[in-house]
There are 2 protein chains.
Amino acid sequence: MVENDNPIASRSVKTATIRDVARRAGVGVGTVSRVINNNPQVSEETRQRVLQVINSLGYVPNPIARKLSTGRTLTIAVIVPFFTRPSFNERLRGIESFLASSDYDLVIYNVETVERRDVCMQEIPRKDRFDGVIIMSLSPRDDDLPYLQRANIPLVLVDANHPSLASLHRVIVDDIAGGYQATRHLIELGHTRIGYVSDYLETPFNFTSSRFRLEGYKQALHEAGIPFCQDYHQQGEHGRAESYSMAMKLLSLPDFPTAIFAASDTQAMGVLQAANELGLRVPYDLSVIGYDDIEIAEYLGLTTVRQLLYESGRRGVELLLNIVDHINLEPVCEVLPTQLIVRKTTALAR
Amino acid sequence: MVENDNPIASRSVKTATIRDVARRAGVGVGTVSRVINNNPQVSEETRQRVLQVINSLGYVPNPIARKLSTGRTLTIAVIVPFFTRPSFNERLRGIESFLASSDYDLVIYNVETVERRDVCMQEIPRKDRFDGVIIMSLSPRDDDLPYLQRANIPLVLVDANHPSLASLHRVIVDDIAGGYQATRHLIELGHTRIGYVSDYLETPFNFTSSRFRLEGYKQALHEAGIPFCQDYHQQGEHGRAESYSMAMKLLSLPDFPTAIFAASDTQAMGVLQAANELGLRVPYDLSVIGYDDIEIAEYLGLTTVRQLLYESGRRGVELLLNIVDHINLEPVCEVLPTQLIVRKTTALAR
DNA sequence: CTGTTAGCGCCTTCAT
DNA sequence: ATGAAGGCGCTAACAG
């Protein structure tokens, strides 16, 4: 009957505050605050009366005010590069999924340019904005460290590693081992001319995975007495198309490789494409192994090195929330395992 | 005057507040606030002095306090289902990218269960937590509407449509037209036995795209005088594996289809897989068309219906921020076009 | 048990 | 142009 359904009018309707509740319930704001926060020291009777009013008023505490008052923001930030890339995406999902079952909100900073990287590294970890920060797949550079440490905020690195990061909590995967595993598999199949297609080793984003995997690759070669051949390593921008080009180069070599290790499944797809283009049958003429085991890998029957993407995110936040609650934890470094998944793109060398 | 400026305190972890700056600069907090907010009514001299102190103290205004005081949260929430699915992911990227160039933060609620869907629909759009909300690819049900309207917060639907949603701002794609386009393409190639593989038409998430595309599919058939055959429409959970099974059923029919329209590229991949398994050559024995034009589509040479994924997100936030600034906009409904992308999985019927 | 009060850090009149 | 003071909505310490 009253025109409260009018959108214009309801727009101006101020939402109830704790004070309104207190007044209507005939109690002090302190009491209302207590029932909101499930403080046991409230008589059942009073509690019911307050609850009653809260309900009838449709009152919900203002989270901002609460944050200011308590000093906790109940918000976690994650800095992630290229979050649409399947592997990063899956890590992100691990984080989100864990947070979904908590009271924390998740704000995401997607990094696709170096400028943004720098801004994020330096400004996000400021205290009083987030209770904690996760930096994913971006290894801080030495000149970022001062910012991170000064900020003095709970911080966890996921998939980011570097000797000078030892003082920071992190969840990583042993990419050296992974690179070794992949190469070793190829060697065991009898391959000796083994290519490696990767991201640029040095990037302004400071991605490290291609570097470490290269190291594992070299180790395996060395161990098998196969000399490392510079020509067999191609580096370029991340992406299928770029990887395709690199594979083309590799396969045009006079003594072209009989097997190629790609630093990611996405890149492996580019290699597959090149092989196909050149009429090379996989795995008979060319063995291909990827890295990550993203969803599409199974579809393609791609042999790959699986890493626990989802799990890394999940463990990362778990650790982070732990730190939030027990400020003075010793730096933790959790290493997640990799696993060789043999499918149909690798075979015995002929 | 010497009281609070003790060295111990300043060495402590507590970050500087506006008051510290004011004291050290010998001005009132009001003045500091003005320079922070670029209020022109401050003498250049004073401004410089304050800036100086701000710098030397490494002072940064506390965003929470500012939010409480101004009533603006500078935060946008987006509710998105299964954000790892390539199409949703790409929409999300459009949103993120636009926000990155603004002062707004982005908090993400990923919905993978019905319970979470309901919680999000009802609790997120509460005023005073976010300045605006985007609901993506989840069409509110009629019983959600009261919550959305009562919340009375700037709200934009992206890729969500429904007659009863006419009062809400939205950026949509004409899925009927898209479904029509795909089917029409197949018909023009001479196909008459055309299968349609889709999500369940009725889902607790209230996804609508498969429904609308079915409608377009029917329209095209009808227009060509081809009777709609219930057996040719398979519905199931979203996903490649499920789609694979559906395609298997379709292709085992006595009078099996010579062409299949899949409601998404992901599902088209399942169809491709089934065809491959059955020794059917695409496109000679079977034409396949997808929907979305996600990145992998090009790699697969998949014919598909492209929709402006990234753009939809971008337009969505743009609209949202517009609403935030000009509260009383008439409900806007922006329709994004679809485009037929012919590649290598469709061919003339034999 | 419960009411009162003093902040949390900032913005915004209101005088000056 | 600038300082002082009130308030945003809530929590928590302190008296009763």
# chains A, B, ... in the order shown; residues from 1 in each chain; ligands from 1
>>> residues_around(residues="DT12 in chain C", least_positions_apart="6", cutoff="12 Å", atoms="only C-alpha atoms (C1' of nucleotides)", output="PyMOL selection string")
(chain B and resi 29-31+33-34+69-70) or (chain D and resi 4-8)
>>> calpha_fit_rmsd(fixed="chain A", moving="chain B")
3.0 Å
>>> residues_around(residues="DT2 in chain C", least_positions_apart="6", cutoff="10 Å", atoms="only C-alpha atoms (C1' of nucleotides)", output="list in words")
Val27, Gly28, Val29, Gly30, Thr31, Gln41, Val42, Ser43 and Thr46 of chain A; DG16 of chain D
>>> residues_around(residues="Lys249 in chain B", least_positions_apart="6", cutoff="12 Å", atoms="only C-alpha atoms (C1' of nucleotides)", output="ChimeraX atom specification")
/B:195-197,231-236,242-243,255-257,271,274-275,278
>>> select_by_dssp(residues="range 56-136 of chain A", states="strand (DSSP E)", output="ChimeraX atom specification")
/A:75-81,105-111,132-136
>>> interface_residues(of="chain A", to="chain D", cutoff="8 Å", atoms="only C-alpha atoms (C1' of nucleotides)", output="ChimeraX atom specification")
/A:17-18,33,61-62,65-66,68-70
>>> closest_atom_pairs(of="chain C", to="chain B", cutoff="7 Å", atoms="only C-alpha atoms (C1' of nucleotides)", output="tab-separated table")
residue	atom	partner	partner_atom	distance
C:DG9	C1'	B:Ala65	CA	4.9
C:DC10	C1'	B:Arg66	CA	5.1
C:DC11	C1'	B:Ser69	CA	5.8
>>> decode(residues="range 69-89 of chain B", atoms="N, CA and C atoms", output="mmCIF file, in the first residue's frame")
data_model
loop_
_atom_site.group_PDB
_atom_site.id
_atom_site.type_symbol
_atom_site.label_atom_id
_atom_site.label_comp_id
_atom_site.auth_asym_id
_atom_site.auth_seq_id
_atom_site.Cartn_x
_atom_site.Cartn_y
_atom_site.Cartn_z
ATOM 1 N N SER B 69 34.477 6.620 4.897
ATOM 2 C CA SER B 69 34.160 8.033 4.948
ATOM 3 C C SER B 69 33.396 8.520 3.721
ATOM 4 N N THR B 70 33.808 8.039 2.582
ATOM 5 C CA THR B 70 33.168 8.525 1.357
ATOM 6 C C THR B 70 31.950 7.711 0.950
ATOM 7 N N GLY B 71 31.890 6.504 1.433
ATOM 8 C CA GLY B 71 30.779 5.664 1.039
ATOM 9 C C GLY B 71 31.005 4.977 -0.291
ATOM 10 N N ARG B 72 32.132 5.231 -0.920
ATOM 11 C CA ARG B 72 32.445 4.511 -2.162
ATOM 12 C C ARG B 72 33.490 3.460 -1.865
ATOM 13 N N THR B 73 33.274 2.293 -2.389
ATOM 14 C CA THR B 73 34.213 1.216 -2.080
ATOM 15 C C THR B 73 35.289 1.052 -3.141
ATOM 16 N N LEU B 74 35.054 1.649 -4.316
ATOM 17 C CA LEU B 74 36.009 1.498 -5.414
ATOM 18 C C LEU B 74 36.277 0.025 -5.699
ATOM 19 N N THR B 75 35.266 -0.749 -5.542
ATOM 20 C CA THR B 75 35.393 -2.178 -5.784
ATOM 21 C C THR B 75 34.178 -2.690 -6.555
ATOM 22 N N ILE B 76 34.463 -3.512 -7.515
ATOM 23 C CA ILE B 76 33.409 -4.121 -8.323
ATOM 24 C C ILE B 76 33.447 -5.631 -8.103
ATOM 25 N N ALA B 77 32.291 -6.213 -7.948
ATOM 26 C CA ALA B 77 32.239 -7.665 -7.797
ATOM 27 C C ALA B 77 31.715 -8.293 -9.069
ATOM 28 N N VAL B 78 32.263 -9.440 -9.413
ATOM 29 C CA VAL B 78 31.662 -10.170 -10.518
ATOM 30 C C VAL B 78 31.397 -11.609 -10.112
ATOM 31 N N ILE B 79 30.188 -12.004 -10.394
ATOM 32 C CA ILE B 79 29.761 -13.361 -10.106
ATOM 33 C C ILE B 79 29.806 -14.128 -11.410
ATOM 34 N N VAL B 80 30.628 -15.141 -11.439
ATOM 35 C CA VAL B 80 30.832 -15.865 -12.699
ATOM 36 C C VAL B 80 30.863 -17.366 -12.452
ATOM 37 N N PRO B 81 30.187 -18.123 -13.269
ATOM 38 C CA PRO B 81 30.194 -19.568 -13.102
ATOM 39 C C PRO B 81 31.399 -20.179 -13.805
ATOM 40 N N PHE B 82 31.982 -21.173 -13.218
ATOM 41 C CA PHE B 82 33.054 -21.941 -13.867
ATOM 42 C C PHE B 82 34.037 -21.054 -14.622
ATOM 43 N N PHE B 83 34.732 -20.230 -13.906
ATOM 44 C CA PHE B 83 35.535 -19.227 -14.601
ATOM 45 C C PHE B 83 36.731 -19.793 -15.359
ATOM 46 N N THR B 84 36.941 -21.100 -15.234
ATOM 47 C CA THR B 84 38.032 -21.667 -16.029
ATOM 48 C C THR B 84 37.582 -22.054 -17.436
ATOM 49 N N ARG B 85 36.291 -22.097 -17.658
ATOM 50 C CA ARG B 85 35.855 -22.383 -19.018
ATOM 51 C C ARG B 85 36.317 -21.246 -19.909
ATOM 52 N N PRO B 86 36.885 -21.625 -21.031
ATOM 53 C CA PRO B 86 37.524 -20.627 -21.880
ATOM 54 C C PRO B 86 36.637 -19.422 -22.196
ATOM 55 N N SER B 87 35.383 -19.662 -22.476
ATOM 56 C CA SER B 87 34.538 -18.543 -22.880
ATOM 57 C C SER B 87 34.273 -17.597 -21.711
ATOM 58 N N PHE B 88 33.983 -18.142 -20.551
ATOM 59 C CA PHE B 88 33.752 -17.287 -19.398
ATOM 60 C C PHE B 88 35.036 -16.556 -19.030
ATOM 61 N N ASN B 89 36.099 -17.293 -19.155
ATOM 62 C CA ASN B 89 37.395 -16.757 -18.826
ATOM 63 C C ASN B 89 37.727 -15.531 -19.673
#
